[in-house]
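Please read the structure below before turning to the comments.
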Amino acid sequence: MEENSKILVVDDDSGIGEMLKTLLEFYGYEVIVTEKPLETQDLILQHNIDIVLLDMLISGVNGTDVCAEIRENPETQDTPVLMMSALHDAGPKCKEAGANDFIAKPFEMEDLIKKINGILGK
Amino acid sequence: MNKLTESENPDSAYENEVFAFANSLISDLREPLVILDEELKIIGSNKVFDKDFELETDAGQAFLDLFHGESRQELQEHLDIRKNSRDKLLGVSLNLPNGHEGLRTYILNSSLIKTPTGEKLILLSFKKQKNHSGNKGQEKYFQRVFREIFSNAPASICTLKGPNHIFEVANDNYLQLIGNRDILGKTVEEALPEVGKQGFVDLLDNVYHTGEPFIGNEIIVNLKDEEGNLKNSYLNFVYQPTRNQAGEIDGIFVHAVDVTEQVLSRKKVEKSESRLSDLIDTVPAIIWIAKAEGGANYLNKNWYDFTGQKKEDSLGRGWLDAVHPDDRENAVVTVDLGNSKREAFSNRFRIKNKNGEYRWVVNHGSPKFDFDGNFEGMIGTVVDIHEEHRKEKIIKEKEHLTETIVREADVATAIYMGREMRVSLANDAMISLWGKSRKVLGNTLREALPELEGQPFHDLLDKVYTTGETYWGKEDKVELMIGDKMQTGYFNFTYKALRNEQGKIYGILNMAVDVTEMVKSKNLLKESESHFRQMADLMPGKVNNTDAVGNNIYFNQNWLEFTGQDSEALKTQGWTQFIHDEDRAVYEDRWRRSLQEGKDFEMELRLKDKAGKFRWHLSMAEAVKDESGNIQMWIGTNTEIHKIKEEEKRKEDFLKMVSHELKTPVTSIKGYVQLLLSLLQKSREPIPTNLPLKSSLQRIDHQITRLTRLISEILDLTRIEENKLELQKERFSLNDLVDETIQDITFTNTQHKIEVEHELNCQVFADRDRIGQVLINLITNAIKYSPDNNHIRLSVKGDSKNRVKVSVKDKGIGISRTDQKNIFKRFFRIDKKEEDTYSGFGIGLFLAKEIIDRHKGEIKISSELGKGAEFSFLLDIED
């Protein structure tokens, strides 16, 4: 667990955002939550985000598009993205959009931590 | 009467002496005698002379003065000749007027007598011709007759005098022959110059000089007629030389008979006779002629060539020997009957030819009458007809055979003879088709089937009889009187002209097949077809109809309304053009396959309506087959399912949304539960043992997992239905997956003991999560249906086809055979009273089967009611 690792959670459902913030902070991560996907890139740069936890379906915006934009921006293109969705078979689409990994909602806490650490190389 | 003795010549004694001498010579001779001096003066005559000629002779009287006319002329000629020659004149025949008998023929002899004084005296003696009877009157009569004969004789007669052939006399016939030219006193050459050139003058000269008479038969003479035209005449003639008293030729007697007509007609006859005989011998027939009393009196050469009989053997009744013994009686009776009745006859019999072989001949005889109508006998011919007879026999046999066949045949057959269509033959099938009895045979068709009047068949038959063109009736309607009821029938039939060897039509062959039932059922079919169309038009869907190979036959009203096209346009262009581009290729491929295999067709596709909008349709087609399974046609329907499709889409969207929306709070709940569990684990404060905090949280977590799975299943179901279930295949160890799944399940299912046996360790290339899902479904299913037995056994084995088999075996309630068939169907749940015991949507096994199918694997069940069940799936091993 890396206390210094900063995670940006992008999810339009505030319940999920709050839950993840609580959960991940319990595990020692610094967590920034946003319900506005358009802020994603700014927040990444502003807070020096280590990993983005991005929901696939955000009201009005498609998570995969957000992911693709991150990958297109040279300043953010190296930031790891872990996508999540209640559509448990959405993995391929996400990976196609440039996500490093995918996790289906609802997930086991252990699995999420494993995947985050895996991406961060810990 | 002058008596020499009474001579009154007183001049001299010498004279008296001479006189006396002469008298002495002649007085006693019994023939008339007269003595003349050189001046032909009578010196003396005997009594017989005076008496015979009834003359009074005086000495010194000129002798010739005693006679007149022709007698005098004749005498003078003879005496002139006598005078000029010194010879005796003997035997000159003369006609002289005998005093009481008229002209009589005398033979005149004259002798020259020299008196002792040197005077020359002429002694004429007349010897009466003994056979010359008659008197003067007779003589005249003869002369008259002679003249008449001469002038009226059918012969042409003339006399020619002298070496130059001067015409002396000629009768009327002769004059007519030479064209009534003036010829008397002229020479032949002068009178008939044309004759000279033809050699007749030479002939005359020859006769004249040789004394040989010339007899000519049918000699052609070219003579001028009255008009001066040359004309050929055939003459029979005689040139007979005539002689004077001295026996010298002094002329020619011509006697000619004109035989021109006879010659010409004979020649004609000869010619025709020769022709006839040529003909008789060249005709290839035997010709015979029989006498009025019967029996052959002539047989031509052919008879003898044919039979080898000799002439003497054949005549009379001899010819019968050549006739076959069996035929003799018939042959002779017929011939005799013809002869006695004087009527033409004809009969057939066999005659033996010269090779000893019997040949059939036909003998025709006709009576022969002469010019006056008298019966002369019979004339006839015998012709070899052996080959014809043989052929005829064969034909008759064939005809008999044909007749038998026709009679026995099932096809109704009849033969009508002549233009009046006399029913000469009709088999039982035809008679029964007509509804008549055999009594109609021999009647005309009009008599036999009076009900045909007013129907077209008499005219058709007459036309066939006239033109010879066969008429084919196809399902022709015929009204027939069957029993006492008029009935309508339909027939396929032919009217075929029958021709004889010369190609002349003599009858009509009629063959007919009753197709009434067929036509009626066809009509029924037409009716039902029309009903079908009416029905099809009433149906809300689009109905169409093609033939066996897919050619369009019919589109119902809805099709026309939907596309805005008319029936013809649809039939020619089909309806493929209205299919959405994305669906068309699939449609065409699948429809082609259906046509080939005869399998039902079903597909959802979009069709463009007349406004250009696409609407979803369920397109179906089914083959209509006959009894033997051959495709008759296809009936297709296109049912608009656009609204249903939209509804479904909305439903699926809703379910997607539901599952997504449900999962979001579940995710939160699960997160907090896990956080709580983590806090609990890390808490240093002891938890009161009577407070089941940890186990409660674990149960909540477990129920959340179940809830999550149920929600996922709903989503999976829609995915499967939308055909959007995507597989993320990877290579992994199936054994590991099995172990992990069991671990997960035992984590929350503590009551059940799950055993696993890894007979085979292997890798597969598959969607790990989905295969895990299948395992979970099978294991949770086993748990669910084994409430009383907690033993569940898993095994991983290999099979012979390089596949891995994973089995989940329980000892639960089991599944009946009937239920086994439906167990993998969607929403299927075993119908039990304790239904409520088993929760879930009933889609777990359906999903498992779908997932395994998509991996091209196999899922199986083996179970017995009450004895548990074994579910297993097979996947290809990845080497």
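The way I read the labels, and the way they are meant: chains A, B, ... in the order of the structure tokens, residue 1 as the first residue of every chain, and ligand 1 as the first ligand shown, with later ones counted on from there.
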
What are the closest atom pairs, with distances in Å to one decimal, for all residues of chain B lying within 12 Å of chain A? Consider only C-alpha atoms, order rows by chain and residue number, and present the result as CSV.
```
residue,atom,partner,partner_atom,distance
B:Leu655,CA,A:Leu87,CA,11.7
B:Lys656,CA,A:Leu87,CA,8.5
B:Met657,CA,A:Leu87,CA,9.8
B:Val658,CA,A:Ala86,CA,10.5
B:Ser659,CA,A:Ala86,CA,7.7
B:His660,CA,A:Ala86,CA,5.3
B:Glu661,CA,A:Ala86,CA,8.1
B:Leu662,CA,A:Ala86,CA,8.8
B:Lys663,CA,A:Ala86,CA,5.9
B:Thr664,CA,A:Ala86,CA,6.8
B:Pro665,CA,A:Gly15,CA,7.3
B:Val666,CA,A:Pro106,CA,6.5
B:Thr667,CA,A:Pro106,CA,4.1
B:Ser668,CA,A:Ile16,CA,5.5
B:Ile669,CA,A:Met19,CA,8.4
B:Lys670,CA,A:Pro106,CA,6.9
B:Gly671,CA,A:Met19,CA,6.5
B:Tyr672,CA,A:Met19,CA,6.7
B:Val673,CA,A:Met109,CA,9.7
B:Gln674,CA,A:Met109,CA,6.5
B:Leu675,CA,A:Leu23,CA,6.2
B:Leu676,CA,A:Leu23,CA,9.5
B:Leu677,CA,A:Met109,CA,10.4
B:Ser678,CA,A:Phe26,CA,9.3
B:Leu679,CA,A:Phe26,CA,8.9
B:Lys682,CA,A:Phe26,CA,11.1
B:Asp701,CA,A:Glu108,CA,9.4
B:His702,CA,A:Glu108,CA,11.0
B:Ile704,CA,A:Pro106,CA,8.8
B:Thr705,CA,A:Pro106,CA,8.2
B:Arg706,CA,A:Pro106,CA,11.1
B:Leu707,CA,A:Pro106,CA,10.1
B:Thr708,CA,A:Pro106,CA,7.1
B:Arg709,CA,A:Pro106,CA,9.9
B:Ile711,CA,A:Ala86,CA,9.8
B:Ser712,CA,A:His88,CA,7.5
B:Glu713,CA,A:His88,CA,10.4
B:Ile714,CA,A:Leu87,CA,11.2
B:Leu715,CA,A:Leu87,CA,8.1
B:Asp716,CA,A:Asp89,CA,9.0
B:Arg719,CA,A:Asp89,CA,10.0
B:Lys724,CA,A:Asp89,CA,10.3
B:Leu725,CA,A:Asp89,CA,8.3
B:Glu726,CA,A:Asp89,CA,7.6
B:Leu727,CA,A:Asp89,CA,8.6
B:Gln728,CA,A:Pro92,CA,7.5
B:Lys729,CA,A:Pro92,CA,10.7
B:Asp744,CA,A:Glu108,CA,11.6
B:Asp767,CA,A:Asp89,CA,10.7
B:Arg768,CA,A:Asp89,CA,11.7
B:Asp769,CA,A:Asp89,CA,9.2
B:Arg770,CA,A:Asp89,CA,9.5
B:Gln773,CA,A:His88,CA,11.8
```

Tell me, as a PDB file with N, CA and C atoms, in the first residue's frame, which residues lie within 9 Å of stretch 862-866 of chain B, counting only C-alpha atoms; anything in the same chain fewer than 2 positions away does not count.
```
ATOM      1  N   LYS B 811     -26.518 -35.903  -5.517  1.00  0.00           N
ATOM      2  CA  LYS B 811     -27.383 -37.031  -5.167  1.00  0.00           C
ATOM      3  C   LYS B 811     -28.732 -36.501  -4.731  1.00  0.00           C
ATOM      4  N   GLY B 812     -29.201 -35.540  -5.483  1.00  0.00           N
ATOM      5  CA  GLY B 812     -30.421 -34.838  -5.130  1.00  0.00           C
ATOM      6  C   GLY B 812     -31.678 -35.495  -5.665  1.00  0.00           C
ATOM      7  N   ILE B 813     -32.642 -34.645  -6.000  1.00  0.00           N
ATOM      8  CA  ILE B 813     -33.974 -35.136  -6.359  1.00  0.00           C
ATOM      9  C   ILE B 813     -34.017 -35.731  -7.766  1.00  0.00           C
ATOM     10  N   GLY B 814     -33.025 -35.385  -8.551  1.00  0.00           N
ATOM     11  CA  GLY B 814     -32.996 -35.930  -9.933  1.00  0.00           C
ATOM     12  C   GLY B 814     -33.989 -35.247 -10.864  1.00  0.00           C
ATOM     13  N   ILE B 815     -33.885 -35.596 -12.123  1.00  0.00           N
ATOM     14  CA  ILE B 815     -34.734 -34.949 -13.141  1.00  0.00           C
ATOM     15  C   ILE B 815     -35.357 -36.027 -14.013  1.00  0.00           C
ATOM     16  N   SER B 816     -36.637 -35.927 -14.210  1.00  0.00           N
ATOM     17  CA  SER B 816     -37.329 -36.932 -15.029  1.00  0.00           C
ATOM     18  C   SER B 816     -36.897 -36.803 -16.494  1.00  0.00           C
ATOM     19  N   ARG B 817     -37.140 -37.872 -17.268  1.00  0.00           N
ATOM     20  CA  ARG B 817     -36.732 -37.869 -18.677  1.00  0.00           C
ATOM     21  C   ARG B 817     -37.407 -36.743 -19.459  1.00  0.00           C
ATOM     22  N   GLN B 820     -35.791 -33.565 -18.638  1.00  0.00           N
ATOM     23  CA  GLN B 820     -34.424 -33.452 -19.159  1.00  0.00           C
ATOM     24  C   GLN B 820     -34.400 -32.760 -20.521  1.00  0.00           C
ATOM     25  N   LYS B 860     -24.225 -31.776 -21.277  1.00  0.00           N
ATOM     26  CA  LYS B 860     -25.035 -32.996 -21.186  1.00  0.00           C
ATOM     27  C   LYS B 860     -25.646 -33.124 -19.809  1.00  0.00           C
ATOM     28  N   GLY B 868     -30.558 -38.326  -8.088  1.00  0.00           N
ATOM     29  CA  GLY B 868     -29.544 -37.333  -8.371  1.00  0.00           C
ATOM     30  C   GLY B 868     -29.333 -37.098  -9.844  1.00  0.00           C
ATOM     31  N   ALA B 869     -28.404 -36.161 -10.128  1.00  0.00           N
ATOM     32  CA  ALA B 869     -28.163 -35.787 -11.522  1.00  0.00           C
ATOM     33  C   ALA B 869     -26.686 -35.537 -11.741  1.00  0.00           C
ATOM     34  N   GLU B 870     -26.266 -35.727 -12.996  1.00  0.00           N
ATOM     35  CA  GLU B 870     -24.891 -35.394 -13.358  1.00  0.00           C
ATOM     36  C   GLU B 870     -24.924 -34.500 -14.576  1.00  0.00           C
ATOM     37  N   PHE B 871     -24.447 -33.253 -14.359  1.00  0.00           N
ATOM     38  CA  PHE B 871     -24.307 -32.308 -15.473  1.00  0.00           C
ATOM     39  C   PHE B 871     -22.847 -32.274 -15.862  1.00  0.00           C
ATOM     40  N   SER B 872     -22.592 -32.250 -17.175  1.00  0.00           N
ATOM     41  CA  SER B 872     -21.191 -32.166 -17.588  1.00  0.00           C
ATOM     42  C   SER B 872     -21.071 -31.346 -18.857  1.00  0.00           C
TER      43      SER B 872
END
```

Residues of stretch 506-596 of chain B in helix (DSSP H, G or I) according to DSSP, as a tab-separated table (two decimals) with N, CA and C atoms, in the first residue's frame?
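So states_22.tsv came out as:
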```tsv
chain	number	residue	atom	x	y	z
B	516	THR	N	-63.31	-37.12	-66.12
B	516	THR	CA	-64.32	-36.35	-65.40
B	516	THR	C	-63.89	-36.05	-63.97
B	517	GLU	N	-63.43	-37.11	-63.28
B	517	GLU	CA	-63.06	-36.92	-61.88
B	517	GLU	C	-61.95	-35.90	-61.75
B	518	MET	N	-60.96	-36.03	-62.67
B	518	MET	CA	-59.81	-35.13	-62.63
B	518	MET	C	-60.26	-33.68	-62.84
B	519	VAL	N	-61.11	-33.50	-63.86
B	519	VAL	CA	-61.56	-32.15	-64.17
B	519	VAL	C	-62.36	-31.59	-62.99
B	520	LYS	N	-63.20	-32.47	-62.42
B	520	LYS	CA	-64.00	-32.00	-61.30
B	520	LYS	C	-63.11	-31.59	-60.12
B	521	SER	N	-62.09	-32.44	-59.86
B	521	SER	CA	-61.25	-32.09	-58.72
B	521	SER	C	-60.39	-30.87	-59.04
B	522	LYS	N	-60.07	-30.74	-60.34
B	522	LYS	CA	-59.34	-29.54	-60.77
B	522	LYS	C	-60.20	-28.30	-60.51
B	523	ASN	N	-61.47	-28.43	-60.86
B	523	ASN	CA	-62.38	-27.32	-60.64
B	523	ASN	C	-62.49	-27.02	-59.15
B	524	LEU	N	-62.53	-28.11	-58.38
B	524	LEU	CA	-62.57	-27.93	-56.93
B	524	LEU	C	-61.32	-27.19	-56.47
B	525	LEU	N	-60.19	-27.62	-57.05
B	525	LEU	CA	-58.92	-27.01	-56.69
B	525	LEU	C	-58.94	-25.52	-57.02
B	526	LYS	N	-59.47	-25.23	-58.22
B	526	LYS	CA	-59.57	-23.83	-58.62
B	526	LYS	C	-60.41	-23.06	-57.62
B	527	GLU	N	-61.49	-23.70	-57.22
B	527	GLU	CA	-62.37	-23.08	-56.25
B	527	GLU	C	-61.63	-22.83	-54.94
B	528	SER	N	-60.90	-23.89	-54.51
B	528	SER	CA	-60.23	-23.74	-53.23
B	528	SER	C	-59.08	-22.75	-53.36
B	529	GLU	N	-58.52	-22.68	-54.56
B	529	GLU	CA	-57.47	-21.69	-54.78
B	529	GLU	C	-58.05	-20.29	-54.63
B	530	SER	N	-59.23	-20.14	-55.19
B	530	SER	CA	-59.83	-18.82	-55.10
B	530	SER	C	-60.20	-18.52	-53.65
B	531	HIS	N	-60.62	-19.59	-52.93
B	531	HIS	CA	-60.88	-19.39	-51.51
B	531	HIS	C	-59.61	-18.99	-50.78
B	532	PHE	N	-58.52	-19.68	-51.17
B	532	PHE	CA	-57.23	-19.38	-50.55
B	532	PHE	C	-56.88	-17.91	-50.76
B	533	ARG	N	-57.13	-17.44	-51.97
B	533	ARG	CA	-56.78	-16.05	-52.26
B	533	ARG	C	-57.65	-15.08	-51.47
B	534	GLN	N	-58.93	-15.46	-51.40
B	534	GLN	CA	-59.81	-14.60	-50.62
B	534	GLN	C	-59.34	-14.53	-49.17
B	535	MET	N	-58.98	-15.74	-48.67
B	535	MET	CA	-58.50	-15.80	-47.30
B	535	MET	C	-57.23	-15.00	-47.13
B	536	ALA	N	-56.34	-15.20	-48.11
B	536	ALA	CA	-55.06	-14.52	-48.04
B	536	ALA	C	-55.25	-13.01	-48.04
B	537	ASP	N	-56.26	-12.57	-48.80
B	537	ASP	CA	-56.50	-11.13	-48.84
B	537	ASP	C	-57.05	-10.62	-47.52
B	538	LEU	N	-57.77	-11.51	-46.84
B	538	LEU	CA	-58.37	-11.09	-45.57
B	538	LEU	C	-57.36	-11.08	-44.43
B	557	GLN	N	-53.43	-8.85	-51.15
B	557	GLN	CA	-53.76	-7.43	-51.17
B	557	GLN	C	-52.83	-6.61	-50.28
B	558	ASN	N	-52.49	-7.19	-49.11
B	558	ASN	CA	-51.63	-6.45	-48.18
B	558	ASN	C	-50.27	-6.14	-48.78
B	559	TRP	N	-49.77	-7.06	-49.58
B	559	TRP	CA	-48.49	-6.81	-50.25
B	559	TRP	C	-48.61	-5.59	-51.16
B	560	LEU	N	-49.72	-5.58	-51.93
B	560	LEU	CA	-49.91	-4.49	-52.88
B	560	LEU	C	-50.02	-3.17	-52.14
B	561	GLU	N	-50.74	-3.20	-51.02
B	561	GLU	CA	-50.92	-1.97	-50.27
B	561	GLU	C	-49.62	-1.52	-49.61
B	562	PHE	N	-48.87	-2.47	-49.10
B	562	PHE	CA	-47.63	-2.13	-48.40
B	562	PHE	C	-46.60	-1.53	-49.36
B	563	THR	N	-46.49	-2.15	-50.53
B	563	THR	CA	-45.44	-1.69	-51.46
B	563	THR	C	-45.94	-0.61	-52.41
B	567	SER	N	-49.96	-6.08	-58.84
B	567	SER	CA	-49.68	-7.50	-58.76
B	567	SER	C	-48.64	-7.93	-59.81
B	568	GLU	N	-48.81	-7.40	-61.03
B	568	GLU	CA	-47.91	-7.80	-62.11
B	568	GLU	C	-46.47	-7.40	-61.82
B	569	ALA	N	-46.31	-6.14	-61.35
B	569	ALA	CA	-44.98	-5.63	-61.06
B	569	ALA	C	-44.31	-6.49	-59.99
B	570	LEU	N	-45.10	-6.86	-58.99
B	570	LEU	CA	-44.55	-7.67	-57.91
B	570	LEU	C	-44.14	-9.05	-58.42
B	571	LYS	N	-45.01	-9.60	-59.28
B	571	LYS	CA	-44.72	-10.94	-59.80
B	571	LYS	C	-43.45	-10.94	-60.62
B	572	THR	N	-43.27	-9.90	-61.43
B	572	THR	CA	-42.09	-9.91	-62.30
B	572	THR	C	-40.83	-9.51	-61.54
B	573	GLN	N	-40.95	-8.53	-60.60
B	573	GLN	CA	-39.73	-8.06	-59.94
B	573	GLN	C	-39.48	-8.72	-58.59
B	576	THR	N	-37.76	-8.99	-53.18
B	576	THR	CA	-36.42	-8.86	-52.60
B	576	THR	C	-35.97	-7.40	-52.57
B	577	GLN	N	-36.40	-6.64	-53.58
B	577	GLN	CA	-36.00	-5.24	-53.67
B	577	GLN	C	-36.43	-4.42	-52.45
B	578	PHE	N	-37.46	-4.91	-51.72
B	578	PHE	CA	-37.95	-4.14	-50.58
B	578	PHE	C	-37.22	-4.48	-49.29
B	581	ASP	N	-30.97	-3.35	-47.12
B	581	ASP	CA	-29.66	-3.77	-47.65
B	581	ASP	C	-28.91	-4.70	-46.70
B	582	GLU	N	-29.03	-4.39	-45.39
B	582	GLU	CA	-28.28	-5.18	-44.40
B	582	GLU	C	-28.84	-6.61	-44.27
B	583	ASP	N	-30.09	-6.75	-44.63
B	583	ASP	CA	-30.72	-8.07	-44.45
B	583	ASP	C	-30.77	-8.88	-45.75
B	584	ARG	N	-30.59	-8.20	-46.87
B	584	ARG	CA	-30.89	-8.84	-48.15
B	584	ARG	C	-29.99	-10.04	-48.45
B	585	ALA	N	-28.68	-9.84	-48.22
B	585	ALA	CA	-27.74	-10.92	-48.56
B	585	ALA	C	-28.06	-12.18	-47.74
B	586	VAL	N	-28.35	-11.94	-46.44
B	586	VAL	CA	-28.67	-13.07	-45.57
B	586	VAL	C	-29.95	-13.75	-46.06
B	587	TYR	N	-30.94	-12.88	-46.39
B	587	TYR	CA	-32.20	-13.43	-46.88
B	587	TYR	C	-31.97	-14.30	-48.11
B	588	GLU	N	-31.24	-13.73	-49.07
B	588	GLU	CA	-31.06	-14.44	-50.33
B	588	GLU	C	-30.35	-15.77	-50.12
B	589	ASP	N	-29.37	-15.76	-49.25
B	589	ASP	CA	-28.61	-16.98	-48.98
B	589	ASP	C	-29.52	-18.03	-48.33
B	590	ARG	N	-30.28	-17.59	-47.35
B	590	ARG	CA	-31.10	-18.55	-46.61
B	590	ARG	C	-32.29	-19.04	-47.42
B	591	TRP	N	-32.86	-18.17	-48.22
B	591	TRP	CA	-33.99	-18.55	-49.07
B	591	TRP	C	-33.54	-19.55	-50.13
B	592	ARG	N	-32.33	-19.31	-50.66
B	592	ARG	CA	-31.78	-20.23	-51.67
B	592	ARG	C	-31.60	-21.62	-51.04
B	593	ARG	N	-31.10	-21.60	-49.80
B	593	ARG	CA	-30.89	-22.88	-49.12
B	593	ARG	C	-32.22	-23.59	-48.87
B	594	SER	N	-33.23	-22.83	-48.49
B	594	SER	CA	-34.54	-23.43	-48.26
B	594	SER	C	-35.08	-24.06	-49.53
B	595	LEU	N	-34.94	-23.34	-50.64
B	595	LEU	CA	-35.43	-23.85	-51.92
B	595	LEU	C	-34.74	-25.15	-52.28
B	596	GLN	N	-33.42	-25.17	-52.01
B	596	GLN	CA	-32.65	-26.37	-52.36
B	596	GLN	C	-33.03	-27.54	-51.47
```

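Summary of the local environment: counting only C-alpha atoms, residues at most 8 Å from stretch 35-50 of chain A, other than itself and those fewer than 2 positions away along its chain, are A:Ser5, A:Lys6, A:Ile7, A:Leu8, A:Val10, A:Asp11, A:Asp12, A:Asp13, A:Ser14, A:Gly17, A:Val33, A:Val52, A:Ile58, A:Val61, A:Gly63, A:Val66, A:Ile70, A:Glu75, A:Thr76, A:Thr79, A:Pro80, A:Leu120.
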
Export, as a tab-separated table (two decimals), in the first residue's frame, the selected residues with N, CA and C atoms.
```
chain	number	residue	atom	x	y	z
A	5	SER	N	0.16	7.37	-2.99
A	5	SER	CA	-0.48	7.20	-4.31
A	5	SER	C	-1.81	7.94	-4.34
A	6	LYS	N	-1.97	8.72	-5.43
A	6	LYS	CA	-3.19	9.51	-5.56
A	6	LYS	C	-4.11	8.88	-6.60
A	7	ILE	N	-5.34	8.63	-6.14
A	7	ILE	CA	-6.32	8.01	-7.05
A	7	ILE	C	-7.41	9.02	-7.34
A	8	LEU	N	-7.71	9.12	-8.70
A	8	LEU	CA	-8.84	9.97	-9.09
A	8	LEU	C	-10.00	9.06	-9.45
A	10	VAL	N	-13.61	8.76	-11.03
A	10	VAL	CA	-14.57	9.51	-11.87
A	10	VAL	C	-15.83	8.66	-11.96
A	11	ASP	N	-16.87	9.09	-11.29
A	11	ASP	CA	-18.15	8.35	-11.32
A	11	ASP	C	-19.24	9.34	-11.04
A	12	ASP	N	-20.30	9.28	-11.88
A	12	ASP	CA	-21.38	10.26	-11.70
A	12	ASP	C	-22.29	9.90	-10.54
A	13	ASP	N	-22.13	8.63	-10.05
A	13	ASP	CA	-22.95	8.22	-8.91
A	13	ASP	C	-22.20	8.56	-7.63
A	14	SER	N	-22.76	9.50	-6.90
A	14	SER	CA	-22.04	9.99	-5.71
A	14	SER	C	-21.88	8.93	-4.65
A	17	GLY	N	-18.83	7.03	-5.51
A	17	GLY	CA	-17.66	7.88	-5.25
A	17	GLY	C	-17.33	7.94	-3.77
A	33	VAL	N	-12.34	12.58	-5.73
A	33	VAL	CA	-13.54	12.08	-6.44
A	33	VAL	C	-14.17	13.20	-7.24
A	52	VAL	N	-6.25	6.62	-12.47
A	52	VAL	CA	-7.63	7.07	-12.59
A	52	VAL	C	-8.53	5.85	-12.53
A	58	ILE	N	-20.97	7.31	-17.65
A	58	ILE	CA	-21.20	8.49	-16.83
A	58	ILE	C	-22.27	9.28	-17.56
A	61	VAL	N	-21.79	11.39	-20.78
A	61	VAL	CA	-20.49	11.17	-21.41
A	61	VAL	C	-20.15	9.68	-21.32
A	63	GLY	N	-17.55	6.83	-20.74
A	63	GLY	CA	-16.26	6.65	-20.07
A	63	GLY	C	-15.14	6.29	-21.01
A	66	VAL	N	-13.73	9.34	-22.49
A	66	VAL	CA	-12.88	10.04	-21.53
A	66	VAL	C	-11.50	9.40	-21.50
A	70	ILE	N	-7.78	10.90	-22.50
A	70	ILE	CA	-6.60	10.86	-21.61
A	70	ILE	C	-5.40	10.33	-22.39
A	75	GLU	N	0.13	15.04	-22.11
A	75	GLU	CA	0.44	15.27	-20.69
A	75	GLU	C	-0.14	14.19	-19.80
A	76	THR	N	-1.23	13.58	-20.30
A	76	THR	CA	-1.88	12.58	-19.44
A	76	THR	C	-1.76	11.18	-19.98
A	79	THR	N	-0.77	8.31	-17.75
A	79	THR	CA	-1.48	8.07	-16.49
A	79	THR	C	-2.29	6.78	-16.61
A	80	PRO	N	-2.10	5.84	-15.71
A	80	PRO	CA	-2.87	4.58	-15.80
A	80	PRO	C	-4.35	4.82	-15.54
A	120	LEU	N	-0.09	-0.12	-10.61
A	120	LEU	CA	0.93	0.78	-10.10
A	120	LEU	C	2.27	0.07	-9.91
```
